[in-house]
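**Student:** Dropping the structure in here first, questions after.
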Amino acid sequence: MCSHQPQCPTADSPRHQSAAVVTARPEQGWSLLCNGTIVFDDTGELLPDGRVVDPHRAPGAMAAAV
């Protein structure tokens, strides 16, 4: 999917979140990355193969934000 040089990390790479943003919809809370991953503002993800990555906030992060 990626045509950048150097290429973005693939969706199954540990660094997949560092791929370039292709489409951003901040009003809806998500962005599509070059590798086909959809990342959500709550830190959840939807991978191109349909797998779901649950939100992975740091413990206590919400308490610190309040």
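Ordered as shown in the structure tokens, chains take letters A, B, and onward, while each chain numbers its residues from 1 and ligands are numbered from 1 in the order shown.
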Would you list the contacts of range 11-23 of chain A as a PyMOL selection string, taking every protein, DNA or RNA residue within 10 Å and counting only C-alpha atoms, but skipping same-chain residues closer than 5 positions in sequence?

**Tutor:** chain A and resi 2+4+30-39+45-49

**Student:** List every residue of chain A that DSSP, applied to the backbone of this structure, places in strand (DSSP E or B), and write the result as an MDAnalysis selection string.

**Tutor:** chainID A and resid 21:25 30:33 38:40 45:46 52:53

**Student:** Those selected residues, please, written with N, CA and C atoms and delivered as a PDB file, in the first residue's frame.

**Tutor:**
```pdb
ATOM      1  N   VAL A  21       0.028   9.248   7.965  1.00  0.00           N
ATOM      2  CA  VAL A  21      -1.424   9.396   7.973  1.00  0.00           C
ATOM      3  C   VAL A  21      -1.881   9.715   6.552  1.00  0.00           C
ATOM      4  N   VAL A  22      -2.826   8.932   6.051  1.00  0.00           N
ATOM      5  CA  VAL A  22      -3.384   9.128   4.717  1.00  0.00           C
ATOM      6  C   VAL A  22      -4.642   9.987   4.809  1.00  0.00           C
ATOM      7  N   THR A  23      -5.484   9.683   5.773  1.00  0.00           N
ATOM      8  CA  THR A  23      -6.735  10.408   5.985  1.00  0.00           C
ATOM      9  C   THR A  23      -6.928  10.602   7.479  1.00  0.00           C
ATOM     10  N   ALA A  24      -7.264  11.809   7.877  1.00  0.00           N
ATOM     11  CA  ALA A  24      -7.536  12.089   9.291  1.00  0.00           C
ATOM     12  C   ALA A  24      -8.949  12.630   9.424  1.00  0.00           C
ATOM     13  N   ARG A  25      -9.679  12.110  10.372  1.00  0.00           N
ATOM     14  CA  ARG A  25     -11.023  12.584  10.687  1.00  0.00           C
ATOM     15  C   ARG A  25     -11.099  12.861  12.185  1.00  0.00           C
ATOM     16  N   TRP A  30     -10.693   9.330  14.425  1.00  0.00           N
ATOM     17  CA  TRP A  30      -9.871   8.275  13.832  1.00  0.00           C
ATOM     18  C   TRP A  30      -9.003   8.818  12.706  1.00  0.00           C
ATOM     19  N   SER A  31      -7.968   8.029  12.385  1.00  0.00           N
ATOM     20  CA  SER A  31      -7.077   8.323  11.256  1.00  0.00           C
ATOM     21  C   SER A  31      -6.724   7.018  10.556  1.00  0.00           C
ATOM     22  N   LEU A  32      -6.599   7.087   9.234  1.00  0.00           N
ATOM     23  CA  LEU A  32      -6.168   5.947   8.430  1.00  0.00           C
ATOM     24  C   LEU A  32      -4.695   6.122   8.125  1.00  0.00           C
ATOM     25  N   LEU A  33      -3.912   5.105   8.438  1.00  0.00           N
ATOM     26  CA  LEU A  33      -2.478   5.137   8.166  1.00  0.00           C
ATOM     27  C   LEU A  33      -2.178   4.512   6.809  1.00  0.00           C
ATOM     28  N   ILE A  38      -6.289   1.586  10.992  1.00  0.00           N
ATOM     29  CA  ILE A  38      -7.100   2.704  11.452  1.00  0.00           C
ATOM     30  C   ILE A  38      -6.810   2.868  12.939  1.00  0.00           C
ATOM     31  N   VAL A  39      -6.373   4.054  13.316  1.00  0.00           N
ATOM     32  CA  VAL A  39      -6.095   4.327  14.728  1.00  0.00           C
ATOM     33  C   VAL A  39      -7.155   5.288  15.256  1.00  0.00           C
ATOM     34  N   PHE A  40      -7.583   5.028  16.476  1.00  0.00           N
ATOM     35  CA  PHE A  40      -8.627   5.823  17.106  1.00  0.00           C
ATOM     36  C   PHE A  40      -8.040   6.684  18.212  1.00  0.00           C
ATOM     37  N   GLU A  45      -7.178   0.322  17.851  1.00  0.00           N
ATOM     38  CA  GLU A  45      -6.783   0.204  16.450  1.00  0.00           C
ATOM     39  C   GLU A  45      -7.591  -0.870  15.761  1.00  0.00           C
ATOM     40  N   LEU A  46      -7.771  -0.705  14.462  1.00  0.00           N
ATOM     41  CA  LEU A  46      -8.358  -1.725  13.614  1.00  0.00           C
ATOM     42  C   LEU A  46      -7.333  -2.014  12.530  1.00  0.00           C
ATOM     43  N   VAL A  52      -8.681  -6.460  15.968  1.00  0.00           N
ATOM     44  CA  VAL A  52      -8.904  -5.271  16.786  1.00  0.00           C
ATOM     45  C   VAL A  52      -7.839  -5.213  17.863  1.00  0.00           C
ATOM     46  N   VAL A  53      -7.258  -4.037  18.053  1.00  0.00           N
ATOM     47  CA  VAL A  53      -6.312  -3.808  19.147  1.00  0.00           C
ATOM     48  C   VAL A  53      -7.031  -2.916  20.145  1.00  0.00           C
TER      49      VAL A  53
END
```

**Student:** Please indicate the distance in Å from CA of Thr43 in chain A to CA of His56 in chain A, rounded to one decimal place.

**Tutor:**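 The value is 5.9 Å.
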
**Student:** Mind the document's chain letters and residue numbers, and return as a list in words the residues of chain A that DSSP labels alpha helix (DSSP H).

**Tutor:**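 Everything in chain A that counts as alpha helix (DSSP H) is Ala61, Met62, Ala63, Ala64 and Ala65 of chain A.
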
**Student:** Counting only C-alpha atoms, which of A:Gly29, A:Thr10, A:Gln5, A:Pro55 gets nearest to Asp41 in chain A?

**Tutor:**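 For Asp41 in chain A, the nearest of the given residues is A:Gly29.
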